[in-house]
Amino acid sequence: MSTAGGDGRKALRSHEWFSGSDVNAFVHRSWMKNQGTPDRMFDGRPVIGICNTFSELTPCNGHFRELAEQVKRGVLEAGGFPVEFPVMSLGETLLRPTSMLFRNLVSMDVEESIRANPMDGVVLLCGCDKTTPALLMGAASCDLPTIVVSGGPMLTGRFRGQPLGSGTSVWAMGEDVRAGQMSECDFRAAESAMSRSPGHCNTMGTASTMASMVEALGLGLPNNAAIPAVDARRRVLARDAGVRAVELVHEDLRISKILTRPAFENAIRVNAAIGGSTNAVVHLLALAGRVEVPLELDDFDLLVRNIPLLVDLMPSGRFLMEDFFDAGGLPAVIRALGDLLHTDALTVTGRTLDENNADAPAWNTEVIRDRDNPVTESAGIAVLRGNLAPDGAVIKPSAASPDLLKHRGRAVVFEGVDDLRARIDDDDLDVDENCVLVLRGAGPRGFPGMPEVGNLALPRKVLRRGVRDMVRISDARMSGTAYGTVVLHTAPEAAAGGPLALVRDGDMIELDVPARRLHLDVPDEELARRLAEWTPPPARATGGYQRLYVEHVLQADRGVDFDFLVGRRGAEVHGHNH
Ligand code: FES
Ligand code: MG
C-alpha cells in the first residue's frame with residue numbers, strides 16, 4: 001500500500017475512494033461536498049463511520065441522534081472525518097413477530113454497509129437488546145477498528161413509593177392483575193411511571209447485559225455498561241469514543257485483536273457475576289463464530305463454576321441499573337473478580353482490562369458485593385443435557401425457585417404460542433403447580449425467530465392459589481428481564497425433530513439442575529416409535545426473508561446465526577461502480 005501524506009503512515013482504506021484526481025475521485029468527493037464537507041476532510045484523515053440504530057420505533061434508542069452528535073465532536077476533535085449512517089433498528093417492544101428474527105438481517109446490513117463504504121474505523125451505537133449483537137456480528141465479520149457506545153439505561157421507574165424495573169415489574173404486576181390483586185386502572189397508571197426517561201431497560205435484562213458484555217469483551221470504554229442514558233457522563237463517554245475511534249485507526253487495532261478467546265471467557269464470567277441474561281448465550285456464540293474463535297455452549301457452564309453472583313439487580317435481585325452505576329458499575333465488578341478473569345486482555349483503550357479497572361472500588365456493597373460476601377456462591381447459566389435436550393438447554397438458576405431446581409412432574413404440552421394462549425387460563429385444563437409446562441414450536445425455525453416466550457404465563461387457576469413459579473421447558477428464549485424456573489433454548493428444537501417434539505401430556509419429566517440433567521421418562525423404544533410417526537410441521541414461511549431464515553438458521557447451541565454468515569470476511573472490496 002502507498003503512504004498517505006508526508007507522515008509515513010500507511011494509506012487508509014478510505015484513500016481508495018477519496019484520493020487521486022480521476023473521475024472516480026471527483027465523484028466520491030464532489031457528492032460528499034454537497035453536505036457542506038470542506039475539501040480538507042479528504043486529506044487522508046481517518047474516516048469514521050458512525051453506525052446509528054436511531055429510530056422512533058426503537059424507543060430505547062430514541063436519544064441516539066444526540067449521542068451520534070457527541071461521537072462526531074470527538075472524531076473531529078481527534079482529526080478524523082465522521083460520517084453517520086443508519087442501519088435497520090430493532091426495538092423489542094413493537095417488532096413482530098419477534099426482534100430476534102431480524103438480528104441476522106441487521107448484521108448483514110451492518111457488514112455490507114461498512115464494507116461497501118469508505119470508512120477506516122467504526123463506532124457502533126447500540127442500545128435495545130438485539131441492536132448490540134446485530135451490530136457486533138456485522139462489524140466483526142468486516143474486522144475494521146471498532147468501538148461500541150451503548151445508549152445507557154433508563155432512570156429508575158418510580159410508582160407510589162416503589163421502584164419499578166423495566167420488564168421485570170411488568171411481568172410481576174401482570175400476574176397480580178390476573179390473580180385479582182391489582183386493578184387494571186393502577187396497572188395503566190404504572191405505565192407512565194415505569195419508562196420516565198430515555199434509555200434502554202433499567203433491569204439487568206438483555207440490553208444491560210449486552211452493554212456489560214461490550215465492556216467485558218473490551219469493545220467499549222470503562223463504564224459503558226451503566227451510565228444512565230440521560231447522565232452527562234454518557235455524552236462524555238460518546239465523545240471520548242469518537243476520539244478513541246480515530247486513534248484505533250492509527251493503531252490499526254482491529255476488532256479481531258480484541259475479540260480473542262480470553263475476551264469471550266471474560267465476558268462469560270462477567271455475565272455470571274452480574275446475573276446477566278440467558279440471551280447472552282446465543283449472542284456470544286454467534287459473535288464468536290464471526291471472528292472464528294472456538295466457543296461452545298458448554299463453556300457457559302464450565303467456565304463459571306467458581307464465579308459468585310456479585311450484583312444484586314432485577315430480575316434476579318433487588319436493584320436497578322442506576323443503583324449499579326452509583327455503586328461503581330461494571331469496573332467495580334471487574335475489579336472484584338480480579339484473578340478470576342484474564343486481566344491482561346487487550347481493550348479498545350489500548351490498555352488491558354486490569355489497567356482500565358485497577359482503581360474501581362464498589363461504593364455500595366449491597367448492590368455490588370465483595371467476593372467473600374456474594375449474593376450466591378455460584379452464578380451464571382447451567383447447561384442441561386439429557387434425552388430431552390441432546391444438544392443442550394439452558395437455565396438461569398439465580399432467576400429460578402430453589403425448591404424447583406430438582407423436580408419431577410407431569411408434562412402439560414402446548415403446540416406453539418397460539419395453543420398456549422387459547423388454553424392456559426381454561427379452568428378445565430388438567431394442571432397443577434407440580435406439572436411441567438412444555439411449549440414447543442417456538443424455536444429458531446419453528447416460530448420462526450425464537451421469540452421470548454419461554455417464561456410462559458402460569459395457568460390462572462394455579463396463580464389464584466398464590467403460586468408464582470412452575471417448571472417450564474421450551475425451545476424458545478426468555479426476556480432478560482424475566483424470571484422463573486424456566487428451561488430454554490432446548491436443542492434441537494421441536495421443528496427440527498428434536499425430542500421436545502415427542503413429549504405427550506402425562507409423560508413424566510425430570511429436571512435436575514445440580515446434575516445438569518433434563519430427562520423425559522419415556523423408554524427409548526417408545527420415543528423411537530413416536531419419532532417414526534412424527535411429521536415436521538408445515539413451514540409457515542413460503543417466501544421472502546423468512547424463507548431465507550428458516551432455510552439457513554442454525555440451532556441455539558450454535559448461536560442462531562445463519563450458516564453462511566459464520567466467519568470473518570474482512571473489509572476488502574472488489575469491483576467498482578463507475
Ligand atoms: Fe429495549 Fe428492553 S425494550 S432494552
Ligand atoms: Mg429484553
# chains A, B, ... in the order shown; residues from 1 in each chain; ligands from 1
>>> residues_near_ligand(ligand="ligand 1", cutoff="8 Å", atoms="only C-alpha atoms and all ligand atoms", output="ChimeraX atom specification")
/A:58-61,91-93,127-129,153,166-167,199-202,205-208,481
>>> write_last_selection(atoms="C-alpha atoms", output="compact mmCIF listing (two decimals), in the first residue's frame")
# COMPACT_ATOMS: atom_id res chain seq x y z
CA THR A 58 -36.99 1.72 18.95
CA PRO A 59 -37.77 3.88 21.98
CA CYS A 60 -34.70 2.61 23.83
CA ASN A 61 -32.53 4.20 21.11
CA GLY A 91 -36.84 -2.46 19.11
CA GLU A 92 -38.02 -5.20 21.44
CA THR A 93 -41.33 -3.69 22.32
CA GLY A 127 -28.99 0.09 22.88
CA CYS A 128 -32.11 -2.04 22.78
CA ASP A 129 -31.44 -5.77 23.10
CA PRO A 153 -30.27 2.57 30.78
CA SER A 166 -38.40 -2.30 33.13
CA GLY A 167 -39.93 -5.57 32.10
CA GLY A 199 -32.65 4.80 27.59
CA HIS A 200 -32.99 1.04 27.48
CA CYS A 201 -34.43 -1.30 30.12
CA ASN A 202 -33.04 -0.45 33.54
CA GLY A 205 -32.12 -7.53 31.11
CA THR A 206 -30.63 -8.25 27.74
CA ALA A 207 -29.77 -4.65 26.85
CA SER A 208 -27.88 -4.05 30.12
CA THR A 481 -35.95 -9.12 32.38
>>> residues_around(residues="region 435-441 of chain A", least_positions_apart="6", cutoff="7 Å", atoms="only C-alpha atoms", output="list in words")
Gly409, Arg410, Ala411, Val412, Val413, Phe414, Glu415, Gly416, Phe447, Met470, Val471, Arg472, Ile473, Ser474, Asp475, Ala494, Ala495, Leu500 and Ala501 of chain A
>>> residues_around(residues="His578 (chain A)", least_positions_apart="4", cutoff="9 Å", atoms="only C-alpha atoms", output="list in words")
Val23, Asn24 and Val27 of chain A
>>> atom_distance(atom1="CA of Ala211 (chain A)", atom2="CA of Ala238 (chain A)")
13.6 Å
>>> closest_residue(among="A:Ser89, A:Ser19, A:Thr98, A:Thr349", to="ligand 2", atoms="only C-alpha atoms and all ligand atoms")
A:Thr98
>>> atom_distance(atom1="CA of Val249 (chain A)", atom2="CA of Leu76 (chain A)")
13.9 Å
>>> closest_residue(among="A:Arg504, A:Arg460, A:Arg569, A:Arg96", to="Leu527 (chain A)", atoms="only C-alpha atoms")
A:Arg504
>>> select_by_dssp(residues="region 183-350 of chain A", states="helix (DSSP H, G or I)", output="NGL selection string")
:A and (184-194 or 206-217 or 232-251 or 255-258 or 261-274 or 279-290 or 299-302 or 321-326 or 329-340)
>>> residues_around(residues="region 392-401 of chain A", least_positions_apart="3", cutoff="6 Å", atoms="only C-alpha atoms", output="ChimeraX atom specification")
/A:316,381-385,389,404,483-485,487-491
>>> residues_around(residues="region 496-499 of chain A", least_positions_apart="3", cutoff="9 Å", atoms="only C-alpha atoms", output="list in words")
Asn387, Leu388, Ala389, Pro390, Gly443, Arg445, Gly446, Thr490, Ala491, Pro492, Glu493, Leu502, Val503, Leu520, Leu527, Leu531, Trp534, Thr535, Pro536 and Gln555 of chain A
>>> closest_residue(among="A:Lys130, A:His407, A:Arg516, A:His283", to="ligand 2", atoms="only C-alpha atoms and all ligand atoms")
A:Lys130
>>> closest_residue(among="A:Ala360, A:Val214, A:Leu67, A:Met108", to="Leu125 (chain A)", atoms="only C-alpha atoms")
A:Leu67
>>> residues_around(residues="region 41-46 of chain A", least_positions_apart="4", cutoff="6 Å", atoms="only C-alpha atoms", output="CSV table (one decimal) with C-alpha atoms, in the first residue's frame")
chain,number,residue,atom,x,y,z
A,18,PHE,CA,-11.1,10.0,-1.7
A,80,GLY,CA,-11.0,12.4,11.9
A,120,ASP,CA,-11.5,3.2,8.2
>>> residues_around(residues="Asn279 (chain A)", least_positions_apart="3", cutoff="9 Å", atoms="only C-alpha atoms", output="list in words")
Gly205, Thr206, Thr209, Met210, Gly276, Val282, His283, Leu284, Arg477, Met478, Ser479 and Gly480 of chain A
>>> select_by_dssp(residues="region 335-436 of chain A", states="strand (DSSP E or B)", output="list in words")
Leu346, Thr352, Ile368, Thr376, Ala382, Val383, Leu384, Arg385, Gly386, Ala389, Pro390, Asp391, Gly392, Ala393, Val394, Ile395, Lys406, His407, Arg408, Gly409, Arg410, Ala411, Val412, Val413, Phe414, Glu415 and Val436 of chain A
>>> closest_residue(among="A:Ala68, A:Leu548, A:Val453, A:Ala263", to="ligand 2", atoms="only C-alpha atoms and all ligand atoms")
A:Val453
>>> closest_residue(among="A:Glu377, A:Asp427, A:Glu452, A:Glu572", to="ligand 2", atoms="only C-alpha atoms and all ligand atoms")
A:Glu452
>>> atom_distance(atom1="CA of Leu518 (chain A)", atom2="CA of Asn455 (chain A)")
17.2 Å
